[in-house]
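Asker: Here's a structure for you.
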Amino acid sequence: MILALGVFLPEVRPVMDSMLVLESGEILGRHYCRGVIGNNEVVACGGFVGKVEASMITQRMIDRFSPRLAVLTSGAAGIDESVEIGDVVVGTEFEEYDTIFPLSEGKMVMKASDSLLMRFLRVYFKAGKFGKILSGDAVVANSSIRDEVHSSYGGLALDMDSAPFAKVAYENGCGFIVLKTILDRADEQSNRDFDRNFANLSGRSADLLVEIMKNHYIDRE
């Protein structure tokens with residue numbers, strides 16, 4: 001089974017709308033659907049903000065459905081000059097920029113799992129931008145803060161959920177992948193850009209996932 005999560009429900013709605021629904025309900029007050037897309041069994045859920053909620057929902061969905069692969073498909077802010085609004089970033093590394101680990105050596109970076117979907121994207125998704133995604137528990141809408149974070153940690157995109165999602169999936173022995181559509185630049189125009197771009201772009205990475213599932217059997221290793 002494949003687990004598809006969206007921070008906001010519209011970000012995962014294309015998955016829900018494309019499946020032959022076998023079951024629907026609520027988990028922790030969030031709507032979910034389980035069904036089939038192509039030859040893939042998939043369960044989709046959305047509705048969480050921040051690292052705590054991302055961890056909570058991911059863990060509960062894994063406990064309930066025991067997926068082979070978990071996919072986070074939602075929006076993010078671009079922090080590197082190589083990415084533009086509308087680009088889909090495929091996470092290869094994940095790091096919390098606002099969490100300090102005094103007893104650790106160096107930085108705590110989580111590597112993406114080598115799933116069949118990741119290998120497929122590397123070969124066929126030529127428009128994808130592959131790289132590190134940073135996560136923190138605050139919305140960054142200041143170019144100076146953005147540039148400081150980027151200078152210290154690198155990365156292509158910034159969000160509030162990828163790193164905890166990746167950690168929970170990893171600790172549960174579940175393969176994982178993150179697809180993030182760039183909606184703003186984490187600068188002084190971020191609120192305006194997010195509002196302007198969310199309606200048209202929020203489902204782009206989910207559309208990509210749906211297209212792949214319709215044509216390929218990825219629920220396997």
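Each chain in the structure tokens gets a letter, A, B and so on, in the order shown; residues start at 1 in every chain, and ligands are counted from 1 in the order they appear.
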Which residues, written as number ranges by chain, have at least one atom at most 12 Å from region 56-58 of chain A, with only C-alpha atoms counted and residues fewer than 5 positions away on the same chain left out?

Answerer: A: 3-7, 26-32, 43-51, 63-67, 69-72, 161-172, 174, 176

Asker: List the neighbours of Ser74 (chain A) out to 10 Å using only C-alpha atoms; skip same-chain residues closer than 5 positions along the sequence, and give me the result as number ranges by chain.

Answerer: A: 5-12, 46, 88, 159, 161-162, 178-183, 201-206

Asker: Can you pull out every residue within 10 Å of Asp114 (chain A), counting only C-alpha atoms, but drop anything in the same chain fewer than 3 positions away, and send it as a ChimeraX atom specification?

Answerer: /A:92,111,117-119,175-177,221

Asker: Write out the residues from the selection above, keeping N, CA, C and O atoms, as a short mmCIF file (atom, residue, chain, number, x, y, z; two decimals), in the first residue's frame.

Answerer:
```
data_model
loop_
_atom_site.label_atom_id
_atom_site.label_comp_id
_atom_site.auth_asym_id
_atom_site.auth_seq_id
_atom_site.Cartn_x
_atom_site.Cartn_y
_atom_site.Cartn_z
N THR A 92 15.90 14.75 -1.54
CA THR A 92 16.93 13.71 -1.43
C THR A 92 17.55 13.68 -0.03
O THR A 92 18.12 12.67 0.37
N LYS A 111 18.63 11.01 4.94
CA LYS A 111 18.69 10.71 3.51
C LYS A 111 17.39 10.07 3.05
O LYS A 111 16.77 9.29 3.77
N LEU A 117 9.94 4.25 -6.57
CA LEU A 117 9.44 5.53 -7.08
C LEU A 117 10.56 6.54 -7.24
O LEU A 117 10.60 7.27 -8.23
N MET A 118 11.48 6.59 -6.29
CA MET A 118 12.60 7.52 -6.40
C MET A 118 13.47 7.17 -7.61
O MET A 118 13.87 8.05 -8.37
N ARG A 119 13.73 5.90 -7.81
CA ARG A 119 14.54 5.50 -8.96
C ARG A 119 13.83 5.84 -10.27
O ARG A 119 14.46 6.28 -11.23
N GLY A 175 9.40 2.96 3.49
CA GLY A 175 10.00 3.78 2.47
C GLY A 175 9.28 5.12 2.38
O GLY A 175 8.09 5.20 2.69
N PHE A 176 9.97 6.16 1.96
CA PHE A 176 9.33 7.47 1.92
C PHE A 176 9.90 8.32 0.79
O PHE A 176 11.05 8.12 0.35
N ILE A 177 9.08 9.24 0.33
CA ILE A 177 9.50 10.19 -0.69
C ILE A 177 8.71 11.48 -0.50
O ILE A 177 7.56 11.45 -0.04
N GLU A 221 8.77 -3.60 -4.41
CA GLU A 221 10.22 -3.39 -4.41
C GLU A 221 10.88 -4.42 -5.32
O GLU A 221 10.34 -5.49 -5.54
#
```

Asker: Apply DSSP to the backbone of this structure and, from region 22-162 of chain A, keep only the residues in strand (DSSP E or B); write these as a ChimeraX atom specification.

Answerer: /A:22-27,30-37,40-46,69-78,88-96,110-111,129-135,157-159

Asker: The selected residues should be written to file as a PDB file, in the first residue's frame (atoms: C-alpha atoms).

Answerer:
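Saved to part_27.pdb:
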```pdb
ATOM      1  CA  LEU A  22     -12.958   1.277  -1.171  1.00  0.00           C
ATOM      2  CA  GLU A  23     -13.103   2.954   2.220  1.00  0.00           C
ATOM      3  CA  SER A  24     -13.323   6.433   3.696  1.00  0.00           C
ATOM      4  CA  GLY A  25     -13.435   7.867   7.179  1.00  0.00           C
ATOM      5  CA  GLU A  26     -11.630  10.053   9.705  1.00  0.00           C
ATOM      6  CA  ILE A  27      -8.413   9.615  11.642  1.00  0.00           C
ATOM      7  CA  ARG A  30      -8.752  14.266   9.310  1.00  0.00           C
ATOM      8  CA  HIS A  31     -10.554  12.843   6.302  1.00  0.00           C
ATOM      9  CA  TYR A  32      -8.964   9.888   4.526  1.00  0.00           C
ATOM     10  CA  CYS A  33      -9.784   7.699   1.536  1.00  0.00           C
ATOM     11  CA  ARG A  34      -8.430   4.251   0.714  1.00  0.00           C
ATOM     12  CA  GLY A  35      -8.719   2.791  -2.747  1.00  0.00           C
ATOM     13  CA  VAL A  36      -6.967   1.812  -5.964  1.00  0.00           C
ATOM     14  CA  ILE A  37      -5.201   3.823  -8.671  1.00  0.00           C
ATOM     15  CA  ASN A  40      -1.617   0.441  -6.743  1.00  0.00           C
ATOM     16  CA  GLU A  41      -3.506   0.351  -3.469  1.00  0.00           C
ATOM     17  CA  VAL A  42      -3.315   3.810  -1.907  1.00  0.00           C
ATOM     18  CA  VAL A  43      -4.629   5.646   1.136  1.00  0.00           C
ATOM     19  CA  ALA A  44      -4.686   9.459   1.155  1.00  0.00           C
ATOM     20  CA  CYS A  45      -5.101  11.974   3.960  1.00  0.00           C
ATOM     21  CA  GLY A  46      -4.500  15.682   4.491  1.00  0.00           C
ATOM     22  CA  LEU A  69       5.773   3.554   0.844  1.00  0.00           C
ATOM     23  CA  ALA A  70       4.769   6.956   2.271  1.00  0.00           C
ATOM     24  CA  VAL A  71       4.618  10.017  -0.004  1.00  0.00           C
ATOM     25  CA  LEU A  72       4.334  13.608   1.192  1.00  0.00           C
ATOM     26  CA  THR A  73       2.964  15.781  -1.601  1.00  0.00           C
ATOM     27  CA  SER A  74       2.460  19.463  -0.830  1.00  0.00           C
ATOM     28  CA  GLY A  75       3.820  22.990  -1.191  1.00  0.00           C
ATOM     29  CA  ALA A  76       7.038  24.632  -0.033  1.00  0.00           C
ATOM     30  CA  ALA A  77       9.069  27.813  -0.345  1.00  0.00           C
ATOM     31  CA  GLY A  78      12.004  27.985  -2.717  1.00  0.00           C
ATOM     32  CA  VAL A  88       8.477  20.313  -8.199  1.00  0.00           C
ATOM     33  CA  VAL A  89      11.316  19.513  -5.805  1.00  0.00           C
ATOM     34  CA  VAL A  90      12.042  15.866  -5.046  1.00  0.00           C
ATOM     35  CA  GLY A  91      13.641  15.611  -1.614  1.00  0.00           C
ATOM     36  CA  THR A  92      16.928  13.713  -1.427  1.00  0.00           C
ATOM     37  CA  GLU A  93      17.938  14.911   2.059  1.00  0.00           C
ATOM     38  CA  PHE A  94      15.991  16.391   4.962  1.00  0.00           C
ATOM     39  CA  GLU A  95      17.079  18.511   7.902  1.00  0.00           C
ATOM     40  CA  GLU A  96      15.486  20.546  10.675  1.00  0.00           C
ATOM     41  CA  MET A 110      18.114  12.355   6.896  1.00  0.00           C
ATOM     42  CA  LYS A 111      18.693  10.706   3.510  1.00  0.00           C
ATOM     43  CA  LYS A 129      14.666  19.458  -9.047  1.00  0.00           C
ATOM     44  CA  PHE A 130      16.395  16.978  -6.744  1.00  0.00           C
ATOM     45  CA  GLY A 131      17.944  18.158  -3.492  1.00  0.00           C
ATOM     46  CA  LYS A 132      17.731  18.889   0.217  1.00  0.00           C
ATOM     47  CA  ILE A 133      14.566  20.181   1.862  1.00  0.00           C
ATOM     48  CA  LEU A 134      14.770  22.047   5.176  1.00  0.00           C
ATOM     49  CA  SER A 135      12.022  22.032   7.799  1.00  0.00           C
ATOM     50  CA  ALA A 157      13.208  24.349  -0.422  1.00  0.00           C
ATOM     51  CA  LEU A 158      11.860  25.203   3.007  1.00  0.00           C
ATOM     52  CA  ASP A 159       8.753  23.843   4.741  1.00  0.00           C
TER      53      ASP A 159
END
```

Asker: Tell me, which residues of region 3-211 of chain A carry DSSP alpha helix (DSSP H), written as JSON, numbers by chain?

Answerer: {"A": [9, 10, 11, 12, 13, 14, 15, 16, 17, 18, 50, 51, 52, 53, 54, 55, 56, 57, 58, 59, 60, 61, 62, 63, 64, 65, 116, 117, 118, 119, 120, 121, 122, 123, 124, 143, 144, 145, 146, 147, 148, 149, 150, 151, 152, 153, 162, 163, 164, 165, 166, 167, 168, 169, 170, 171, 190, 191, 192, 193, 194, 195, 196, 197, 198, 199, 200, 201, 204, 205, 206, 207, 208, 209, 210, 211]}
